Each structure stands twice: as structure tokens, then as C-alpha cells.
Amino acid sequence: MPDRAQPAPPPSPSGGSPQAAFARFVRRAIDDAKNERGWTVTDLAARTGVGRSTVFRWLAGDWQDYPELAKVRGFCAALDVPVSAAFRALGLPDREMSPDRVRAEPPLEADVEVILGRLADPAVPAEEKKLIRDMLRYLAQRPVRRAG
């Protein structure tokens with residue numbers, strides 16, 4: 001899907017809307033950033049590249065066209081949140097279906113999917129998410145042990 005704005009679909013018959021689902025997603029991400037990192041909305045805006053007014057519009061569900069995907073990606077990257085969780089909240093496919101994306105990414109292993117699910121799950125406490133992120137950072141920085 002291109003980065004230009006697309007009209008949001010109408011609310012679903014169950015009463016949910018992409019605006020409300022995305023607002024809940026953004027609220028959880030902001031709450032996690034505040035609890036885990038001590039960030040204010042101003043800090044979050046500076047670190048994600050998403051303006052404060054945009055963040056507040058997302059929180060209010062005050063948008064007719066989909067948010068710019070580049071801003072959503074920047075928001076998720078700065079907060080260590082899987083962009084697929086944001087896309088699900090928006091009702092979009094987990095992966096972009098753009099014509100310039102020729103190569104498919106390999107599927108994730110089951111345990112990696114579980115970890116990503118826990119990080120995106122609002123029921124998982126912030127302390128556990130912090131522990132998972134800290135462990136992943138440790139593993140990412142650890143030297144690779146070669147066989148032999």
C-alpha cells in the first residue's frame with residue numbers, strides 16, 4: 001500500500017472502527033513509553049518524528065484518511081513496537097502489498113511470533129515487556145559463537 005492517505009473504511013457492524021482500534025493501540029504505546037522510559041508526549045513526538053498534534057489526533061481517533069504509513073513506521077520503530085500490530089489496529093494487512101516489494105520475507109519461527117505477540121498484547125504487564133526487550137537487546141549485542 002502506498003504511503004499516501006487512503007480513506008478509512010466505515011465502522012464495522014460490531015461498532016468498532018479503525019480509528020478507535022488505532023487510538024487504543026497508540027494509547028497503550030504511549031502508556032508503555034511513559035511507564036518504561038519516562039517519556040512525555042513531547043519526548044515521544046521528538047523521538048518518533050510524529051508531531052504532537054498528530055499524536056493527539058491519533059489518540060482522539062480524529063482522522064478520515066489513514067495515517068501516513070511512514071509516520072506509523074517511525075512511531076513503532078522508536079517505541080520498539082511491531083509495526084504489524086499498528087497495521088492490525090488499522091485493519092491493514094500485516095505486510096504491505098506494494099508492487100516494488102518483490103521479495104517475500106521468510107516466515108518467522110513460532111517462538112519469535114509468540115514474543116512479538118506478547119509485546120503487542122495490552123494484557124501483558126509493562127514490566128514483562130521491558131524484560132523481553134532488555135533480553136532481546138542483550139542477545140542482539142552478544143558476540144556470535146562460532147562452532148568449531
# chains A, B, ... in the order shown; residues from 1 in each chain; ligands from 1
>>> residues_around(residues="region 110-122 of chain A", least_positions_apart="4", cutoff="12 Å", atoms="only C-alpha atoms", output="compact mmCIF listing (two decimals) with all heavy atoms, in the first residue's frame")
# COMPACT_ATOMS: atom_id res chain seq x y z
N ARG A 24 -6.68 3.05 20.57
CA ARG A 24 -6.32 2.17 21.69
C ARG A 24 -4.87 1.71 21.57
O ARG A 24 -4.14 1.67 22.57
CB ARG A 24 -7.25 0.95 21.74
CG ARG A 24 -8.64 1.27 22.26
CD ARG A 24 -9.46 0.02 22.50
NE ARG A 24 -9.65 -0.77 21.30
CZ ARG A 24 -10.63 -0.62 20.42
NH1 ARG A 24 -11.53 0.32 20.61
NH2 ARG A 24 -10.73 -1.40 19.37
N PHE A 25 -4.43 1.37 20.36
CA PHE A 25 -3.05 0.95 20.12
C PHE A 25 -2.08 2.07 20.52
O PHE A 25 -1.10 1.84 21.23
CB PHE A 25 -2.86 0.58 18.64
CG PHE A 25 -1.43 0.46 18.23
CD1 PHE A 25 -0.71 -0.70 18.50
CD2 PHE A 25 -0.79 1.50 17.59
CE1 PHE A 25 0.63 -0.81 18.13
CE2 PHE A 25 0.54 1.41 17.22
CZ PHE A 25 1.25 0.25 17.49
N VAL A 26 -2.36 3.30 20.06
CA VAL A 26 -1.49 4.44 20.36
C VAL A 26 -1.47 4.71 21.86
O VAL A 26 -0.41 4.96 22.44
CB VAL A 26 -1.93 5.69 19.55
CG1 VAL A 26 -1.20 6.94 20.01
CG2 VAL A 26 -1.72 5.45 18.06
N ARG A 27 -2.63 4.64 22.52
CA ARG A 27 -2.71 4.88 23.96
C ARG A 27 -1.83 3.88 24.71
O ARG A 27 -1.08 4.24 25.61
CB ARG A 27 -4.17 4.79 24.43
CG ARG A 27 -4.37 4.73 25.94
CD ARG A 27 -3.76 5.85 26.76
NE ARG A 27 -4.16 7.15 26.33
CZ ARG A 27 -3.43 8.26 26.53
NH1 ARG A 27 -2.27 8.20 27.16
NH2 ARG A 27 -3.84 9.42 26.10
N ARG A 28 -1.91 2.58 24.34
CA ARG A 28 -1.08 1.57 25.01
C ARG A 28 0.40 1.86 24.78
O ARG A 28 1.21 1.75 25.71
CB ARG A 28 -1.42 0.16 24.49
CG ARG A 28 -2.71 -0.38 25.03
CD ARG A 28 -2.90 -1.84 24.68
NE ARG A 28 -2.84 -2.13 23.26
CZ ARG A 28 -3.89 -2.18 22.45
NH1 ARG A 28 -5.10 -1.98 22.92
NH2 ARG A 28 -3.72 -2.46 21.18
N ALA A 29 0.77 2.22 23.56
CA ALA A 29 2.17 2.51 23.25
C ALA A 29 2.67 3.71 24.06
O ALA A 29 3.79 3.69 24.59
CB ALA A 29 2.35 2.75 21.75
N ILE A 30 1.84 4.74 24.16
CA ILE A 30 2.23 5.93 24.92
C ILE A 30 2.34 5.59 26.41
O ILE A 30 3.29 6.00 27.08
CB ILE A 30 1.22 7.08 24.69
CG1 ILE A 30 1.39 7.62 23.26
CG2 ILE A 30 1.40 8.20 25.71
CD1 ILE A 30 0.33 8.61 22.85
N ASP A 31 1.38 4.83 26.91
CA ASP A 31 1.43 4.43 28.33
C ASP A 31 2.69 3.60 28.62
O ASP A 31 3.36 3.81 29.64
CB ASP A 31 0.19 3.63 28.73
CG ASP A 31 -1.06 4.50 28.80
OD1 ASP A 31 -0.94 5.75 28.79
OD2 ASP A 31 -2.17 3.92 28.84
N ASP A 32 3.03 2.67 27.71
CA ASP A 32 4.25 1.88 27.88
C ASP A 32 5.49 2.77 27.87
O ASP A 32 6.40 2.59 28.67
CB ASP A 32 4.37 0.80 26.80
CG ASP A 32 3.40 -0.36 27.00
OD1 ASP A 32 2.78 -0.44 28.08
OD2 ASP A 32 3.26 -1.17 26.07
N CYS A 76 6.36 3.29 15.55
CA CYS A 76 6.59 1.92 16.05
C CYS A 76 8.07 1.63 16.26
O CYS A 76 8.46 1.03 17.26
CB CYS A 76 6.01 0.90 15.06
SG CYS A 76 4.20 0.93 15.01
N LEU A 79 9.49 3.13 19.41
CA LEU A 79 8.94 2.56 20.64
C LEU A 79 9.16 1.05 20.73
O LEU A 79 8.66 0.42 21.66
CB LEU A 79 7.44 2.86 20.71
CG LEU A 79 7.10 4.34 20.83
CD1 LEU A 79 5.61 4.57 20.70
CD2 LEU A 79 7.61 4.89 22.14
N ASP A 80 9.89 0.48 19.79
CA ASP A 80 10.12 -0.97 19.77
C ASP A 80 8.81 -1.75 19.76
O ASP A 80 8.67 -2.76 20.44
CB ASP A 80 10.98 -1.43 20.96
CG ASP A 80 12.37 -0.85 20.93
OD1 ASP A 80 12.92 -0.71 19.83
OD2 ASP A 80 12.90 -0.53 22.01
N VAL A 81 7.86 -1.26 18.99
CA VAL A 81 6.57 -1.92 18.85
C VAL A 81 6.48 -2.48 17.43
O VAL A 81 6.82 -1.78 16.48
CB VAL A 81 5.42 -0.90 19.08
CG1 VAL A 81 4.06 -1.53 18.86
CG2 VAL A 81 5.50 -0.29 20.46
N PRO A 82 6.05 -3.73 17.27
CA PRO A 82 5.94 -4.27 15.91
C PRO A 82 4.97 -3.47 15.07
O PRO A 82 3.84 -3.21 15.49
CB PRO A 82 5.43 -5.70 16.13
CG PRO A 82 5.63 -6.00 17.57
CD PRO A 82 5.65 -4.69 18.30
N VAL A 83 5.41 -3.06 13.89
CA VAL A 83 4.55 -2.28 13.00
C VAL A 83 3.32 -3.12 12.60
O VAL A 83 2.25 -2.57 12.34
CB VAL A 83 5.34 -1.76 11.78
CG1 VAL A 83 5.65 -2.87 10.80
CG2 VAL A 83 4.59 -0.63 11.09
N SER A 84 3.46 -4.43 12.61
CA SER A 84 2.32 -5.28 12.26
C SER A 84 1.17 -5.08 13.25
O SER A 84 0.00 -5.18 12.88
CB SER A 84 2.73 -6.75 12.21
OG SER A 84 3.21 -7.18 13.46
N ALA A 85 1.48 -4.77 14.51
CA ALA A 85 0.42 -4.51 15.50
C ALA A 85 -0.34 -3.23 15.13
O ALA A 85 -1.57 -3.17 15.26
CB ALA A 85 1.02 -4.40 16.90
N ALA A 86 0.38 -2.23 14.67
CA ALA A 86 -0.28 -0.99 14.24
C ALA A 86 -1.13 -1.25 13.01
O ALA A 86 -2.26 -0.76 12.92
CB ALA A 86 0.77 0.09 13.95
N PHE A 87 -0.59 -2.02 12.06
CA PHE A 87 -1.34 -2.33 10.85
C PHE A 87 -2.61 -3.10 11.19
O PHE A 87 -3.67 -2.86 10.61
CB PHE A 87 -0.48 -3.11 9.87
CG PHE A 87 0.53 -2.26 9.13
CD1 PHE A 87 0.76 -0.94 9.45
CD2 PHE A 87 1.26 -2.80 8.10
CE1 PHE A 87 1.70 -0.17 8.78
CE2 PHE A 87 2.20 -2.05 7.40
CZ PHE A 87 2.41 -0.73 7.74
N ARG A 88 -2.51 -4.05 12.13
CA ARG A 88 -3.72 -4.80 12.53
C ARG A 88 -4.75 -3.85 13.14
O ARG A 88 -5.94 -3.97 12.87
CB ARG A 88 -3.37 -5.90 13.53
CG ARG A 88 -2.86 -7.16 12.87
CD ARG A 88 -2.81 -8.33 13.84
NE ARG A 88 -2.00 -8.09 15.02
CZ ARG A 88 -0.68 -8.27 15.08
NH1 ARG A 88 -0.02 -8.70 14.02
NH2 ARG A 88 -0.02 -8.03 16.19
N ALA A 89 -4.28 -2.93 13.99
CA ALA A 89 -5.21 -1.96 14.59
C ALA A 89 -5.90 -1.12 13.52
O ALA A 89 -7.07 -0.78 13.65
CB ALA A 89 -4.48 -1.07 15.59
N ALA A 126 3.70 -4.05 31.64
CA ALA A 126 4.83 -3.28 31.12
C ALA A 126 6.16 -3.84 31.61
O ALA A 126 7.15 -3.84 30.87
CB ALA A 126 4.69 -1.81 31.52
N GLU A 127 6.19 -4.34 32.84
CA GLU A 127 7.44 -4.88 33.40
C GLU A 127 7.91 -6.09 32.59
O GLU A 127 9.11 -6.27 32.34
CB GLU A 127 7.26 -5.30 34.87
CG GLU A 127 6.90 -4.17 35.80
CD GLU A 127 5.40 -3.84 35.77
OE1 GLU A 127 4.56 -4.72 35.52
OE2 GLU A 127 5.08 -2.65 35.96
N GLU A 128 6.96 -6.95 32.19
CA GLU A 128 7.33 -8.13 31.40
C GLU A 128 7.80 -7.72 30.00
O GLU A 128 8.77 -8.27 29.47
CB GLU A 128 6.17 -9.11 31.29
CG GLU A 128 6.58 -10.40 30.58
CD GLU A 128 5.52 -11.48 30.62
OE1 GLU A 128 4.62 -11.43 31.48
OE2 GLU A 128 5.60 -12.38 29.78
N LYS A 129 7.13 -6.72 29.41
CA LYS A 129 7.56 -6.24 28.09
C LYS A 129 8.97 -5.66 28.17
O LYS A 129 9.79 -5.88 27.29
CB LYS A 129 6.59 -5.18 27.57
CG LYS A 129 5.25 -5.75 27.16
CD LYS A 129 4.35 -4.64 26.65
CE LYS A 129 2.99 -5.19 26.28
NZ LYS A 129 2.12 -4.14 25.74
N LYS A 130 9.25 -4.93 29.24
CA LYS A 130 10.60 -4.37 29.42
C LYS A 130 11.62 -5.49 29.54
O LYS A 130 12.70 -5.42 28.94
CB LYS A 130 10.64 -3.46 30.64
CG LYS A 130 12.01 -2.80 30.84
CD LYS A 130 12.01 -1.87 32.01
CE LYS A 130 13.31 -1.16 32.24
NZ LYS A 130 14.51 -1.76 31.80
N LEU A 131 11.31 -6.52 30.30
CA LEU A 131 12.21 -7.66 30.45
C LEU A 131 12.49 -8.33 29.10
O LEU A 131 13.64 -8.65 28.77
CB LEU A 131 11.61 -8.68 31.43
CG LEU A 131 12.42 -9.94 31.66
CD1 LEU A 131 13.71 -9.60 32.39
CD2 LEU A 131 11.62 -10.94 32.49
N ILE A 132 11.45 -8.52 28.29
CA ILE A 132 11.61 -9.12 26.96
C ILE A 132 12.51 -8.24 26.10
O ILE A 132 13.44 -8.73 25.46
CB ILE A 132 10.24 -9.34 26.29
CG1 ILE A 132 9.44 -10.42 27.03
CG2 ILE A 132 10.42 -9.71 24.82
CD1 ILE A 132 7.98 -10.52 26.61
N ARG A 133 12.24 -6.93 26.09
CA ARG A 133 13.04 -6.02 25.25
C ARG A 133 14.51 -5.99 25.72
O ARG A 133 15.42 -5.97 24.90
CB ARG A 133 12.44 -4.63 25.28
CG ARG A 133 11.16 -4.51 24.49
CD ARG A 133 10.67 -3.07 24.44
NE ARG A 133 9.43 -3.00 23.72
CZ ARG A 133 8.26 -2.73 24.29
NH1 ARG A 133 8.19 -2.46 25.57
NH2 ARG A 133 7.15 -2.70 23.57
N MET A 135 16.15 -8.38 27.24
CA MET A 135 16.78 -9.65 26.86
C MET A 135 17.10 -9.66 25.36
O MET A 135 18.18 -10.11 24.95
CB MET A 135 15.88 -10.83 27.21
CG MET A 135 16.48 -12.18 26.85
SD MET A 135 18.09 -12.51 27.62
CE MET A 135 17.61 -12.79 29.29
N LEU A 136 16.20 -9.15 24.55
CA LEU A 136 16.45 -9.10 23.10
C LEU A 136 17.63 -8.18 22.78
O LEU A 136 18.47 -8.51 21.93
CB LEU A 136 15.20 -8.64 22.36
CG LEU A 136 14.04 -9.63 22.34
CD1 LEU A 136 12.79 -8.99 21.74
CD2 LEU A 136 14.41 -10.90 21.59
>>> closest_residue(among="A:Ala147, A:Ala78, A:Val124, A:Ala23", to="Trp63 (chain A)", atoms="only C-alpha atoms")
A:Ala23
>>> select_by_dssp(residues="chain A", states="helix (DSSP H, G or I)", output="PyMOL selection string")
chain A and resi 18-37+41-48+52-60+69-79+83-90+110-120+126-141
>>> write_last_selection(atoms="C-alpha atoms", output="mmCIF file, in the first residue's frame")
data_model
loop_
_atom_site.group_PDB
_atom_site.id
_atom_site.type_symbol
_atom_site.label_atom_id
_atom_site.label_comp_id
_atom_site.auth_asym_id
_atom_site.auth_seq_id
_atom_site.Cartn_x
_atom_site.Cartn_y
_atom_site.Cartn_z
ATOM 1 C CA PRO A 18 -10.095 1.582 12.634
ATOM 2 C CA GLN A 19 -9.961 4.989 14.334
ATOM 3 C CA ALA A 20 -10.985 3.544 17.719
ATOM 4 C CA ALA A 21 -8.725 0.488 17.390
ATOM 5 C CA PHE A 22 -5.730 2.612 16.376
ATOM 6 C CA ALA A 23 -6.460 5.078 19.201
ATOM 7 C CA ARG A 24 -6.319 2.171 21.687
ATOM 8 C CA PHE A 25 -3.054 0.952 20.120
ATOM 9 C CA VAL A 26 -1.488 4.442 20.361
ATOM 10 C CA ARG A 27 -2.707 4.882 23.960
ATOM 11 C CA ARG A 28 -1.078 1.567 25.009
ATOM 12 C CA ALA A 29 2.173 2.506 23.253
ATOM 13 C CA ILE A 30 2.225 5.933 24.925
ATOM 14 C CA ASP A 31 1.435 4.427 28.334
ATOM 15 C CA ASP A 32 4.245 1.879 27.883
ATOM 16 C CA ALA A 33 6.683 4.641 26.851
ATOM 17 C CA LYS A 34 5.714 6.663 29.911
ATOM 18 C CA ASN A 35 5.946 3.700 32.314
ATOM 19 C CA GLU A 36 9.092 2.088 30.879
ATOM 20 C CA ARG A 37 11.057 5.134 29.722
ATOM 21 C CA VAL A 41 4.097 13.071 24.653
ATOM 22 C CA THR A 42 6.626 15.787 23.772
ATOM 23 C CA ASP A 43 9.508 13.309 24.222
ATOM 24 C CA LEU A 44 7.643 10.734 22.180
ATOM 25 C CA ALA A 45 6.996 13.213 19.366
ATOM 26 C CA ALA A 46 10.668 14.218 19.256
ATOM 27 C CA ARG A 47 11.907 10.612 19.198
ATOM 28 C CA THR A 48 9.365 9.235 16.723
ATOM 29 C CA ARG A 52 2.361 16.233 18.953
ATOM 30 C CA SER A 53 -0.802 17.339 17.151
ATOM 31 C CA THR A 54 -0.724 14.168 15.050
ATOM 32 C CA VAL A 55 -0.280 12.028 18.175
ATOM 33 C CA PHE A 56 -3.267 13.752 19.790
ATOM 34 C CA ARG A 57 -5.376 13.280 16.616
ATOM 35 C CA TRP A 58 -4.464 9.574 16.621
ATOM 36 C CA LEU A 59 -5.430 9.332 20.311
ATOM 37 C CA ALA A 60 -8.768 11.007 19.634
ATOM 38 C CA LEU A 69 2.433 4.773 6.921
ATOM 39 C CA ALA A 70 5.902 6.329 7.185
ATOM 40 C CA LYS A 71 4.797 8.091 10.390
ATOM 41 C CA VAL A 72 3.278 4.879 11.747
ATOM 42 C CA ARG A 73 6.540 3.033 10.988
ATOM 43 C CA GLY A 74 8.614 5.752 12.718
ATOM 44 C CA PHE A 75 6.304 5.707 15.733
ATOM 45 C CA CYS A 76 6.589 1.917 16.046
ATOM 46 C CA ALA A 77 10.347 1.808 15.446
ATOM 47 C CA ALA A 78 11.112 4.401 18.120
ATOM 48 C CA LEU A 79 8.936 2.557 20.636
ATOM 49 C CA VAL A 83 4.545 -2.285 13.000
ATOM 50 C CA SER A 84 2.318 -5.278 12.264
ATOM 51 C CA ALA A 85 0.422 -4.512 15.500
ATOM 52 C CA ALA A 86 -0.276 -0.991 14.241
ATOM 53 C CA PHE A 87 -1.341 -2.326 10.854
ATOM 54 C CA ARG A 88 -3.716 -4.799 12.533
ATOM 55 C CA ALA A 89 -5.210 -1.963 14.593
ATOM 56 C CA LEU A 90 -5.735 -0.017 11.365
ATOM 57 C CA ALA A 110 6.900 -19.869 16.180
ATOM 58 C CA ASP A 111 8.764 -18.652 19.283
ATOM 59 C CA VAL A 112 9.504 -15.304 17.620
ATOM 60 C CA GLU A 113 5.796 -14.948 16.782
ATOM 61 C CA VAL A 114 4.956 -15.619 20.449
ATOM 62 C CA ILE A 115 7.413 -12.946 21.617
ATOM 63 C CA LEU A 116 6.035 -10.394 19.129
ATOM 64 C CA GLY A 117 2.527 -11.268 20.261
ATOM 65 C CA ARG A 118 3.415 -10.665 23.906
ATOM 66 C CA LEU A 119 4.968 -7.301 23.071
ATOM 67 C CA ALA A 120 1.790 -6.272 21.225
ATOM 68 C CA ALA A 126 4.833 -3.279 31.119
ATOM 69 C CA GLU A 127 7.442 -4.883 33.395
ATOM 70 C CA GLU A 128 7.330 -8.128 31.400
ATOM 71 C CA LYS A 129 7.561 -6.240 28.091
ATOM 72 C CA LYS A 130 10.597 -4.367 29.417
ATOM 73 C CA LEU A 131 12.206 -7.664 30.453
ATOM 74 C CA ILE A 132 11.614 -9.121 26.965
ATOM 75 C CA ARG A 133 13.045 -6.023 25.254
ATOM 76 C CA ASP A 134 16.081 -5.970 27.572
ATOM 77 C CA MET A 135 16.781 -9.647 26.856
ATOM 78 C CA LEU A 136 16.450 -9.099 23.101
ATOM 79 C CA ARG A 137 18.866 -6.153 23.261
ATOM 80 C CA TYR A 138 21.333 -8.287 25.235
ATOM 81 C CA LEU A 139 21.109 -11.099 22.700
ATOM 82 C CA ALA A 140 21.451 -8.686 19.776
ATOM 83 C CA GLN A 141 24.683 -7.251 21.209
#
>>> atom_distance(atom1="CA of Asp62 (chain A)", atom2="CA of Leu92 (chain A)")
18.1 Å
>>> atom_distance(atom1="CA of Arg142 (chain A)", atom2="CA of Gly38 (chain A)")
26.7 Å
>>> atom_distance(atom1="CA of Gly51 (chain A)", atom2="CA of Pro67 (chain A)")
12.2 Å
